[in-house]
Structure formats: structure tokens, C-alpha cells
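**Q** Attaching a single structure in C-alpha cells format; questions to follow.
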Amino acid sequence: MPLLPQPATSTGAPDRAQRAEMQAEQRHVDRVHERLEVMRQHARAYEAEGHRRALFGNEGGLVERDAIVYQATVWLRRLDTQEEGLVFGRLDFDDGEARHIGRIGVRDEDYEPLVVDWRAPAAAAFYRATPTDRMDVVRRRTIRCVGAKVTRLDDDLLDPDGAERLALTVVGDGALMAALTRKRGSAMHDIVATIQKEQDQAVRAPADGATIITGGPGTGKTAVALHRAAFLLFNERKRFESGGVLIVGPSAVFVSYIEQVLPSLGEHTAALRSLGELVDGVKATRHDPADLAELKGSGRLLPVLGRAVRATPPNTPRQFRATYHGHVIRLDGRRLDDLRRAVLQRNPRPNAARANAETALVEAAWEQLPGELRERRRSERAIFDRDLRDRADFELFVEEWWPYRTAQEVLRSCADAQSLAYYGRKHLTPAQIDALARSWAAHLGLDATADGDSQDEDRPAGSASARRPDFSVEDVPLLDELAQLLGTPPQENEEEDVYGGLFADSGVTEVSSWADRTSEAARRERVRESYAHVIVDEAQDLSPMQWRVLGRLGRRATWTIVGDPVQSAWPDPQESERALQAALGDRARHVHELRTNYRNSAEIFAYASRYAKKAAPEARLPDAVRSTGFPPEHRHDLEAAVAEALAAVEGTVGVITGLAAAQATSAALSRQLDEAAGRLVVVNALDAKGLEYDAAVILDPDAIEQESPAGTRTLYVALTRATQRLYLCEPRKS
């Protein structure tokens, strides 16, 4: 159980004691902000010095300018984002030492610490000290500020005798409970001032191997993962900033919700992506229906995709013709197909194998010449090779016969039912082939009909003209898999970006000439080939195909995996678990379980737990730590339920629906959404993962439960999004 608030004790009236303590803390906060301004001046001076280096008039000066200005800009950005709540804690020790804790470290003119960075070892006691293991701490204080003004103090007293000996005043309601009752906004807040001991142990876990953090709803898993990212970047910045930290969330809604947490902790270099953004140029937000999503996410499509990649692309030439010294050389479609198969046996990635294909084509053409010509002299073979390769029509034929293909082009061929039937005849049922082809035709904006007559079995039917693709989240790992199977075309005369490793994912976009080429939009579009650390939130929902993508992105990475098996929406958890283990390989595992539900009231979680037990009878559920006296309430009128929820809480209200009902519900609540802008949102139950609201209205719980094989778990997740009030809106039965 977390430490509960202690009664206020002081030698005078509580109001007078509170004011005196706030004035004392305000004096310290003022001094810290004065030093912060001095640090800004130093950073600006460093930046100006960098620009002066460009006046040297040589290339070395330009390089020095870019490096110095980059470092100064990062420094300034970190300082500028820490105005709000810069100082948030204080520790008073047995020996009378007072140590202030904050978002970044600040020292005075004599280099003595005014604020200890929360990630530093010296700050660990702020999170780990308990009454049974005080770590020499007498009083732990949380300081709330608006800008640079102290607005509230909340103390936890760990040693009453020590407080009396040191004449310490204890004020407030206790840091944790004050934070738990704070209203929610549209974005996630950091919990840097209220991290509990079990959470801190996960945040500060060793950086090697894979750290696996489990826990039920409301245990702070997401916040712990984000604070862990900031902790790793602070303690091993060179390793993780240059190698890249990737944070993967379940949805674009979730990523938008959490994206301000790391900047508030002084970090801007981690890449945040939803599962629909793991492929460059693709931002998918829609989900396929449950049965189709399961098919696309399972490993059953791997052999189908492999066959699609190896098949002869649509509209390629079916005959090769050339002349040499009056001799006509012809290779028909069957011979060309034989060459393709032989080349792909040696190099299975078509885009990387074009040079092999060209060589095989030249050799096959040579064999078509009369024997006496081929045996005339030993140099004839080299002359023939050079003559054929130098011809423009030969180069054009190779480009058409063996084109460099993209993953989208291969998937477009799969949108043709005839082609897909050929690729998947041993692995898919006719109904599955039809469902997949229709899905991809719709997502690619294609006319679903084929555009040609039946062809040779190794040459699948072509596809119709395409419009702008609109992929589902479940399509994204398939695109990545196809890209891996296709391979990368050889890069010719590509200029090396000498700054790529230094500035990648820096978050700095306007420093000098190199920054103009690396805008924020372009940076967010780019996915690295691999990362130094990968953090996966809501990991229990990932499909095997999604784990394959992450396994490639994290093949050289350490990992943090965050999830709760009870909340899993994937219908075959064992298959997903095997894929996870394959992604992690033989890395060491460090497991942490969070056991306290800080989000839900006891009344809400008791109701939600029924569904958890229904889905997973043996599951260990967390303990809710507070009671509000408001049990879940049942309603039949949606608009009335929403109005009641908005009146009951000061913060946000989430209306959570089934996958198919979100759009219609948004339309039905358009007036209330406009009137309560910023407070009211409509979200489907899958996109609600990881989010929280002061009040939640669950629309048609039965429909959510019946929408997929994992519907009971999905409903359990929806029921645990509320912190204060929960309403279940059930349509009247006719």
C-alpha cells in the first residue's frame, strides 16, 4: 500500500504554518529560477560563439558552427521546457540536510547543488524511502508550482520523532492522494513528483537486456515506461541518444495523449510512434474487423507474402529478343520464369538480386548462340557480354522484366483475388482470399475487378489503377514484412549524411543549413533501421506480425516491455507470447510487477474486476487504494448520461464505444462535443487503451463484449478508464 497522508502538525496555527513554509520554499524557487536565467545566458553566448566560427571562412569552421549551435540549441530547449514545476520536491534528512529535487539539476555560482535532477542517484530516496526503510529521510515534501510561484505543499512524514527533533512543520494532504484526486486533462501528466517505490524500481532497472513491467489498470505502467525513457537518456545519454530510443503505443490517440510527458521531463530525443506509424510514409489509424485483423496479424500470411514477392510482377515482358552477328536470340516466357526461379534461389530478395538477374539473362542469351560461334575464340564471351549490356534496349528490358518494387506494389497485386488465390492456395480458404482481396482493394483505392485475361500461372493477373492508399493498422506490419522480403535496391552515388548519426531524432529543427534539410515533419516521417532502446506499451495487444516488425527495429536494442495479460485483445495470447520471445531473443529478463491501482476508485474497479475474472479466472488483479462513494451507474439515454457526467466532474469525460459505433456516436453527440470542447471525447474501446478520464460513459457494454473473441477483455479495459465516475449506457430493449 502507498503511504497515506499524515495529519498536519506544527507549533502554530495551520494557516500560519502553511504560509511560512510556502514563503520559505518560494525563496528557494526564486533563487533557482534566477540561476536558470543565468544558464540561459550562458547557452545563448555559446550559441553566438558557434555562429562566429562560421566567419573563419573554411569548412572546418562551418562544421564547428553546426556542432556548437546544435548543442546550444538542445541546451536552451531543455531549459525553456522546465519553467513549469522546475522544483517539485524536497527531502529533509536526519542530519538536518535539505535536498531539493527537480526536473533538471541546477547549481549555484559556487557549483553547489540548488536542485538535484530527479534521475540522479542522490534523488532516489525521494521515491524509495518508506516508514519502514526511511533511507535517513525524516520528511518528504512535494512542491506544486504554477510557473515560478509556489501554490501548494504536501508532506509525507516518515519519522515523527525526527520531525520534532528538527522542528519540522508538516503540512498538506500527502503528495500521492493530492495527485490522485487532481482532475485530468486532454494530455497525460508526468508523475515525476509522486512516483512510488515499486514504480521507481522499474524506472531505475538495469539498462541491459529486457525489462518487463506488468500490472493491472491504473498501476502507472505507461508513466513508468516514459519516466524510464527519461532516466535512461539521462544516465547513458551518449549511448541512447545517438542510437535512438523508440516508444511504441497502441494508437495515434494514445501517442497524442502521452507526447508531452517526455518534454516535461527535459527529454526531446525519443521517437514516439503508434503501431500504425512503424513504416515510413504510412500513418494508419483504422482497424480491420476482428476476424480480418486476426488473419492479418497471425503468421499464416508469411508464406503467402513470400510467394507474392517471388512471383513474376504484373505486366512484365514475356519474351526477350536480341541479335548478335546476324543471329537472333529468343527467350520465351517459360525460360524467363525458369531464370527468375534460379536467381531467387541464390538471392531470395528480388530488389537486391537485379544484378544477378541481369547476369543470368546474359548467360541464357549466350547459350542461344550457335556452338561454333561460342567456341570460336575465348574472348568472344567477354565481347558478347559487353556488347549486350551496353545496349539501351537491353537495359530497358531488364528494368521492365525485373523492376525494383515497393511493398505497396506487391500488396496491390494481392488485391486481385485471382493473384491472391495463386499466392495463397495452400494456406488460405476461398473465403479468406476474398476477404483479404476486398480489404486491400478498398485500402488501396482500387477497382476490385481484374484488368486482364487469365495468364500463365507464374504471371498473376494485373491490378487496376490506384488512388491514395488508406491502410489499416493491421496492414502496416505486412508492408514492413514485404519490404524485408523484397530487399533494398543498391544505392548508387548516394551522398553520405555526415551528420546523420549525430543529429538523428534530435528534435532540433532550426539550427543551421543542415537543419533546413531535416525539418520536424521529415524527422517524424523517418523510421530508423534499428534503435538502441525500444519501449513497447500495451504489449499484450500486439499481434505476432507486429512483434516481427519491432524485433527488426530492436535487433540491437535493449527493451522495456509494458503490459497486462488480462487486458489482451489478441485472441491467441500464446502465439503472441512466442513472437515476443523471438523478438527478445536470448536477452536477460528483469521482471517488475506493479500491484497498486492508483487510477480507479474501489467502487469502479470492483465492478470492472468481474469481467477480468470472467476472462481470466486465475489472474492477479491490483488493489485500488481509494474510495469515492460513487458506484457505477446505469443509464439508457446517451445524451443525458453525457450531460450528467460533465456536471459531475471538473475534468475530462470519455465516451467509449464499440469499434463500429464510434463515428456514429460522434455525430450523435456533435452538439455536446462542441459545447464541451476539450473536456468531452468519443473513442472506440481499442483506442481507449492507456487513456484515462475523470468520468467515462460506456456505450452498449454488451456490444463491446460481443464484438470480438477478446471482447470481454476489451470491455474490462473500457471499464477501467474512469478515475471518479462511471456510467454504463445500455440501449432499451424493444
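Ligands are numbered from 1 in the order shown, chains are lettered A, B, ... in the order of the C-alpha cells, and residues start at 1 in each chain.
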Show me, as number ranges by chain, the residues that have an atom within 12 Å of stretch 117-121 of chain A when counting only C-alpha atoms, minus same-chain residues fewer than 4 positions from it.
**A** A: 82, 86-91, 99-107, 113, 125-128, 191-195, 200, 203-204, 227-236, 265-267
**Q** Would you export the selected residues with N, CA and C atoms as a tab-separated table (two decimals), in the first residue's frame, please?
**A**
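Output contents, as saved in part_18.tsv:
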```tsv
chain	number	residue	atom	x	y	z
A	82	GLN	N	11.44	23.64	-18.84
A	82	GLN	CA	11.39	23.26	-17.44
A	82	GLN	C	10.86	24.35	-16.52
A	86	LEU	N	9.62	23.33	-12.12
A	86	LEU	CA	11.06	23.02	-12.13
A	86	LEU	C	11.50	22.37	-10.82
A	87	VAL	N	11.06	22.93	-9.70
A	87	VAL	CA	11.34	22.35	-8.38
A	87	VAL	C	10.05	21.71	-7.89
A	88	PHE	N	10.07	20.42	-7.62
A	88	PHE	CA	8.82	19.78	-7.21
A	88	PHE	C	8.96	18.98	-5.90
A	89	GLY	N	10.16	18.87	-5.34
A	89	GLY	CA	10.29	18.05	-4.15
A	89	GLY	C	11.39	18.52	-3.23
A	90	ARG	N	11.31	18.03	-2.01
A	90	ARG	CA	12.34	18.32	-1.01
A	90	ARG	C	12.44	17.14	-0.05
A	91	LEU	N	13.67	16.82	0.32
A	91	LEU	CA	13.94	15.80	1.32
A	91	LEU	C	14.64	16.44	2.51
A	99	ARG	N	17.46	18.69	0.79
A	99	ARG	CA	17.84	18.45	-0.60
A	99	ARG	C	16.61	18.64	-1.49
A	100	HIS	N	16.66	19.62	-2.39
A	100	HIS	CA	15.54	19.87	-3.29
A	100	HIS	C	15.68	19.02	-4.56
A	101	ILE	N	14.55	18.51	-5.04
A	101	ILE	CA	14.51	17.63	-6.21
A	101	ILE	C	13.76	18.35	-7.33
A	102	GLY	N	14.25	18.22	-8.56
A	102	GLY	CA	13.59	18.90	-9.67
A	102	GLY	C	13.77	18.18	-10.99
A	103	ARG	N	13.26	18.81	-12.03
A	103	ARG	CA	13.26	18.19	-13.37
A	103	ARG	C	14.65	18.17	-13.99
A	104	ILE	N	15.47	19.15	-13.67
A	104	ILE	CA	16.86	19.18	-14.13
A	104	ILE	C	17.73	19.63	-12.96
A	105	GLY	N	19.02	19.35	-13.03
A	105	GLY	CA	19.93	19.78	-11.99
A	105	GLY	C	20.32	21.25	-12.17
A	106	VAL	N	20.35	21.98	-11.08
A	106	VAL	CA	20.74	23.40	-11.11
A	106	VAL	C	21.73	23.62	-9.97
A	107	ARG	N	22.84	24.31	-10.28
A	107	ARG	CA	23.86	24.61	-9.27
A	107	ARG	C	24.04	26.11	-9.14
A	113	PRO	N	24.84	22.27	-5.36
A	113	PRO	CA	23.52	21.95	-5.93
A	113	PRO	C	22.39	22.72	-5.28
A	125	ALA	N	16.09	8.55	-2.99
A	125	ALA	CA	15.35	8.45	-1.72
A	125	ALA	C	14.00	9.13	-1.79
A	126	PHE	N	13.84	10.11	-2.67
A	126	PHE	CA	12.55	10.79	-2.81
A	126	PHE	C	11.45	9.80	-3.22
A	127	TYR	N	11.84	8.75	-3.95
A	127	TYR	CA	10.87	7.78	-4.44
A	127	TYR	C	10.89	6.47	-3.65
A	128	ARG	N	11.98	6.18	-3.00
A	128	ARG	CA	12.13	4.86	-2.39
A	128	ARG	C	11.98	4.83	-0.88
A	191	ILE	N	4.39	11.90	-13.68
A	191	ILE	CA	4.19	11.58	-12.27
A	191	ILE	C	5.51	11.72	-11.51
A	192	VAL	N	6.37	12.60	-12.04
A	192	VAL	CA	7.73	12.68	-11.51
A	192	VAL	C	7.75	13.04	-10.02
A	193	ALA	N	6.71	13.75	-9.55
A	193	ALA	CA	6.69	14.14	-8.14
A	193	ALA	C	6.07	13.08	-7.24
A	194	THR	N	5.41	12.07	-7.82
A	194	THR	CA	4.66	11.12	-6.99
A	194	THR	C	4.98	9.66	-7.31
A	195	ILE	N	6.09	9.40	-7.97
A	195	ILE	CA	6.47	8.02	-8.24
A	195	ILE	C	6.60	7.25	-6.92
A	200	ASP	N	9.42	3.21	-8.96
A	200	ASP	CA	10.79	3.70	-9.10
A	200	ASP	C	11.77	2.56	-9.36
A	203	VAL	N	11.53	2.01	-12.98
A	203	VAL	CA	12.13	3.13	-13.72
A	203	VAL	C	13.65	2.99	-13.74
A	204	ARG	N	14.25	2.63	-12.61
A	204	ARG	CA	15.71	2.59	-12.48
A	204	ARG	C	16.29	1.20	-12.68
A	227	HIS	N	8.94	7.60	-17.87
A	227	HIS	CA	9.97	8.07	-16.95
A	227	HIS	C	11.24	7.23	-17.08
A	228	ARG	N	11.07	5.96	-17.42
A	228	ARG	CA	12.25	5.11	-17.64
A	228	ARG	C	13.02	5.60	-18.86
A	229	ALA	N	12.31	6.00	-19.91
A	229	ALA	CA	12.99	6.54	-21.09
A	229	ALA	C	13.82	7.76	-20.70
A	230	ALA	N	13.23	8.68	-19.91
A	230	ALA	CA	13.97	9.86	-19.47
A	230	ALA	C	15.16	9.47	-18.59
A	231	PHE	N	14.97	8.47	-17.74
A	231	PHE	CA	16.05	8.03	-16.85
A	231	PHE	C	17.22	7.45	-17.67
A	232	LEU	N	16.92	6.62	-18.65
A	232	LEU	CA	17.98	6.02	-19.47
A	232	LEU	C	18.74	7.08	-20.25
A	233	LEU	N	18.01	8.05	-20.82
A	233	LEU	CA	18.66	9.10	-21.60
A	233	LEU	C	19.54	9.97	-20.71
A	234	PHE	N	19.16	10.15	-19.47
A	234	PHE	CA	19.96	10.95	-18.53
A	234	PHE	C	21.24	10.21	-18.14
A	235	ASN	N	21.13	8.94	-17.85
A	235	ASN	CA	22.25	8.19	-17.30
A	235	ASN	C	23.19	7.64	-18.36
A	236	GLU	N	22.70	7.38	-19.56
A	236	GLU	CA	23.57	6.88	-20.64
A	236	GLU	C	23.24	7.62	-21.93
A	265	LEU	N	9.86	16.31	-18.87
A	265	LEU	CA	10.93	15.73	-18.07
A	265	LEU	C	12.30	16.11	-18.61
A	266	GLY	N	12.33	17.02	-19.58
A	266	GLY	CA	13.60	17.51	-20.10
A	266	GLY	C	14.17	16.70	-21.24
A	267	GLU	N	13.37	15.83	-21.86
A	267	GLU	CA	13.87	14.99	-22.95
A	267	GLU	C	13.05	15.22	-24.22
```
**Q** From a DSSP calculation on the backbone, collect every residue of stretch 460-693 of chain A in strand (DSSP E) and output the set as a PyMOL selection string.
**A** chain A and resi 533-536+558-563+589-594+596-597+623-624+633-635+653-657+680-684+693
**Q** Would you save the residues of that selection, restricted to N, CA and C atoms, as an mmCIF file, in the first residue's frame?
**A**
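The resulting file, again-v3.cif, is reproduced below:
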```cif
data_model
loop_
_atom_site.group_PDB
_atom_site.id
_atom_site.type_symbol
_atom_site.label_atom_id
_atom_site.label_comp_id
_atom_site.auth_asym_id
_atom_site.auth_seq_id
_atom_site.Cartn_x
_atom_site.Cartn_y
_atom_site.Cartn_z
ATOM 1 N N HIS A 533 17.248 1.459 -27.860
ATOM 2 C CA HIS A 533 16.312 1.002 -26.830
ATOM 3 C C HIS A 533 14.902 1.112 -27.388
ATOM 4 N N VAL A 534 14.096 0.101 -27.163
ATOM 5 C CA VAL A 534 12.708 0.067 -27.630
ATOM 6 C C VAL A 534 11.800 -0.114 -26.419
ATOM 7 N N ILE A 535 10.820 0.774 -26.286
ATOM 8 C CA ILE A 535 9.815 0.688 -25.229
ATOM 9 C C ILE A 535 8.473 0.392 -25.878
ATOM 10 N N VAL A 536 7.830 -0.675 -25.455
ATOM 11 C CA VAL A 536 6.547 -1.083 -26.027
ATOM 12 C C VAL A 536 5.489 -1.011 -24.933
ATOM 13 N N THR A 558 18.265 -2.729 -26.318
ATOM 14 C CA THR A 558 17.711 -3.185 -25.054
ATOM 15 C C THR A 558 16.236 -2.801 -25.067
ATOM 16 N N TRP A 559 15.444 -3.424 -24.169
ATOM 17 C CA TRP A 559 13.997 -3.296 -24.279
ATOM 18 C C TRP A 559 13.357 -2.961 -22.938
ATOM 19 N N THR A 560 12.208 -2.280 -23.020
ATOM 20 C CA THR A 560 11.275 -2.175 -21.897
ATOM 21 C C THR A 560 9.904 -2.576 -22.432
ATOM 22 N N ILE A 561 9.341 -3.634 -21.881
ATOM 23 C CA ILE A 561 8.049 -4.167 -22.339
ATOM 24 C C ILE A 561 7.028 -3.934 -21.233
ATOM 25 N N VAL A 562 5.937 -3.250 -21.560
ATOM 26 C CA VAL A 562 4.931 -2.873 -20.576
ATOM 27 C C VAL A 562 3.584 -3.448 -20.998
ATOM 28 N N GLY A 563 2.933 -4.171 -20.092
ATOM 29 C CA GLY A 563 1.637 -4.719 -20.461
ATOM 30 C C GLY A 563 0.949 -5.443 -19.324
ATOM 31 N N ARG A 589 16.167 -11.102 -18.799
ATOM 32 C CA ARG A 589 14.878 -10.514 -18.459
ATOM 33 C C ARG A 589 14.909 -9.984 -17.031
ATOM 34 N N HIS A 590 14.385 -8.774 -16.827
ATOM 35 C CA HIS A 590 14.201 -8.197 -15.498
ATOM 36 C C HIS A 590 12.711 -7.908 -15.359
ATOM 37 N N VAL A 591 12.027 -8.607 -14.464
ATOM 38 C CA VAL A 591 10.567 -8.532 -14.368
ATOM 39 C C VAL A 591 10.163 -7.714 -13.148
ATOM 40 N N HIS A 592 9.234 -6.780 -13.353
ATOM 41 C CA HIS A 592 8.684 -5.963 -12.273
ATOM 42 C C HIS A 592 7.168 -6.011 -12.371
ATOM 43 N N GLU A 593 6.505 -6.270 -11.253
ATOM 44 C CA GLU A 593 5.045 -6.289 -11.218
ATOM 45 C C GLU A 593 4.547 -5.140 -10.355
ATOM 46 N N LEU A 594 3.645 -4.334 -10.906
ATOM 47 C CA LEU A 594 3.037 -3.229 -10.175
ATOM 48 C C LEU A 594 1.695 -3.706 -9.636
ATOM 49 N N THR A 596 -0.534 -1.867 -7.358
ATOM 50 C CA THR A 596 -1.476 -0.898 -6.798
ATOM 51 C C THR A 596 -2.155 -0.111 -7.911
ATOM 52 N N ASN A 597 -3.475 -0.121 -7.913
ATOM 53 C CA ASN A 597 -4.269 0.635 -8.882
ATOM 54 C C ASN A 597 -4.513 2.031 -8.311
ATOM 55 N N ASP A 623 -4.716 -3.798 -6.383
ATOM 56 C CA ASP A 623 -5.577 -3.284 -5.326
ATOM 57 C C ASP A 623 -5.832 -1.799 -5.545
ATOM 58 N N ALA A 624 -7.104 -1.412 -5.575
ATOM 59 C CA ALA A 624 -7.459 0.009 -5.649
ATOM 60 C C ALA A 624 -7.291 0.628 -4.262
ATOM 61 N N GLU A 633 -23.041 3.672 -12.425
ATOM 62 C CA GLU A 633 -24.471 3.912 -12.576
ATOM 63 C C GLU A 633 -24.919 3.513 -13.972
ATOM 64 N N HIS A 634 -26.164 3.003 -14.066
ATOM 65 C CA HIS A 634 -26.716 2.546 -15.337
ATOM 66 C C HIS A 634 -27.677 3.592 -15.890
ATOM 67 N N ARG A 635 -27.553 3.854 -17.175
ATOM 68 C CA ARG A 635 -28.419 4.808 -17.859
ATOM 69 C C ARG A 635 -28.856 4.217 -19.199
ATOM 70 N N VAL A 653 -14.304 13.845 -19.831
ATOM 71 C CA VAL A 653 -15.294 12.776 -19.923
ATOM 72 C C VAL A 653 -15.045 12.028 -21.227
ATOM 73 N N GLY A 654 -14.885 10.718 -21.138
ATOM 74 C CA GLY A 654 -14.676 9.893 -22.319
ATOM 75 C C GLY A 654 -15.893 9.027 -22.586
ATOM 76 N N VAL A 655 -16.422 9.105 -23.801
ATOM 77 C CA VAL A 655 -17.495 8.209 -24.233
ATOM 78 C C VAL A 655 -16.826 7.083 -25.013
ATOM 79 N N ILE A 656 -16.929 5.871 -24.519
ATOM 80 C CA ILE A 656 -16.213 4.729 -25.097
ATOM 81 C C ILE A 656 -17.225 3.809 -25.763
ATOM 82 N N THR A 657 -16.977 3.497 -27.034
ATOM 83 C CA THR A 657 -17.927 2.729 -27.840
ATOM 84 C C THR A 657 -17.264 1.483 -28.410
ATOM 85 N N LEU A 680 -14.748 16.733 -23.527
ATOM 86 C CA LEU A 680 -15.507 15.558 -23.946
ATOM 87 C C LEU A 680 -14.896 14.959 -25.203
ATOM 88 N N VAL A 681 -14.671 13.644 -25.187
ATOM 89 C CA VAL A 681 -14.149 12.942 -26.362
ATOM 90 C C VAL A 681 -14.934 11.652 -26.563
ATOM 91 N N VAL A 682 -14.966 11.203 -27.821
ATOM 92 C CA VAL A 682 -15.538 9.905 -28.169
ATOM 93 C C VAL A 682 -14.416 9.051 -28.728
ATOM 94 N N VAL A 683 -14.282 7.839 -28.216
ATOM 95 C CA VAL A 683 -13.188 6.971 -28.632
ATOM 96 C C VAL A 683 -13.672 5.532 -28.621
ATOM 97 N N ASN A 684 -13.190 4.728 -29.571
ATOM 98 C CA ASN A 684 -13.574 3.316 -29.544
ATOM 99 C C ASN A 684 -12.764 2.574 -28.481
ATOM 100 N N TYR A 693 -9.880 9.111 -17.939
ATOM 101 C CA TYR A 693 -10.788 10.247 -17.881
ATOM 102 C C TYR A 693 -11.326 10.373 -16.460
#
```
**Q** Any idea what's packed within 7 Å of A:Ala722, counting only C-alpha atoms, ignoring anything in its chain fewer than 5 positions away? Could you give it as a VMD selection string?
**A** chain A and resid 600 692 to 696
**Q** Atoms to include: N, CA, C and O atoms. Write the selected residues as a JSON list (two decimals), in the first residue's frame.
**A**
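File produced: out.json:
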```
[["chain", "number", "residue", "atom", "x", "y", "z"],
["A", 600, "ASN", "N", -8.38, 4.00, -10.56],
["A", 600, "ASN", "CA", -9.80, 3.77, -10.33],
["A", 600, "ASN", "C", -10.16, 3.85, -8.85],
["A", 600, "ASN", "O", -9.38, 3.45, -7.99],
["A", 692, "GLU", "N", -7.12, 7.77, -19.78],
["A", 692, "GLU", "CA", -7.92, 7.86, -18.57],
["A", 692, "GLU", "C", -8.72, 9.15, -18.58],
["A", 692, "GLU", "O", -8.31, 10.16, -19.17],
["A", 693, "TYR", "N", -9.88, 9.11, -17.94],
["A", 693, "TYR", "CA", -10.79, 10.25, -17.88],
["A", 693, "TYR", "C", -11.33, 10.37, -16.46],
["A", 693, "TYR", "O", -11.41, 9.39, -15.72],
["A", 694, "ASP", "N", -11.75, 11.57, -16.09],
["A", 694, "ASP", "CA", -12.39, 11.73, -14.78],
["A", 694, "ASP", "C", -13.70, 10.95, -14.72],
["A", 694, "ASP", "O", -14.04, 10.38, -13.68],
["A", 695, "ALA", "N", -14.43, 10.95, -15.82],
["A", 695, "ALA", "CA", -15.66, 10.16, -15.92],
["A", 695, "ALA", "C", -15.68, 9.47, -17.27],
["A", 695, "ALA", "O", -15.22, 10.02, -18.27],
["A", 696, "ALA", "N", -16.24, 8.26, -17.29],
["A", 696, "ALA", "CA", -16.36, 7.52, -18.54],
["A", 696, "ALA", "C", -17.81, 7.07, -18.71],
["A", 696, "ALA", "O", -18.46, 6.66, -17.75]]
```
**Q** To one decimal place in Å, what is the distance between atom CA of A:Ser419 and atom CA of A:Pro313?
**A**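 Pair atom CA of A:Ser419 / atom CA of A:Pro313 returns 10.4 Å.
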**Q** As a PyMOL selection string, list the residues of stretch 138-255 of chain A assigned to helix (DSSP H, G or I) by DSSP on the backbone atoms of this structure.
**A** chain A and resi 160-165+175-180+197-203+221-235+237-243+252-255
**Q** With only C-alpha atoms as the atoms that count, which of A:Thr714, A:Gln41, A:Thr665, A:Thr488 lies nearest to A:Asp541?
**A**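 Answer, going by the shortest atom-to-atom distance: A:Thr714.
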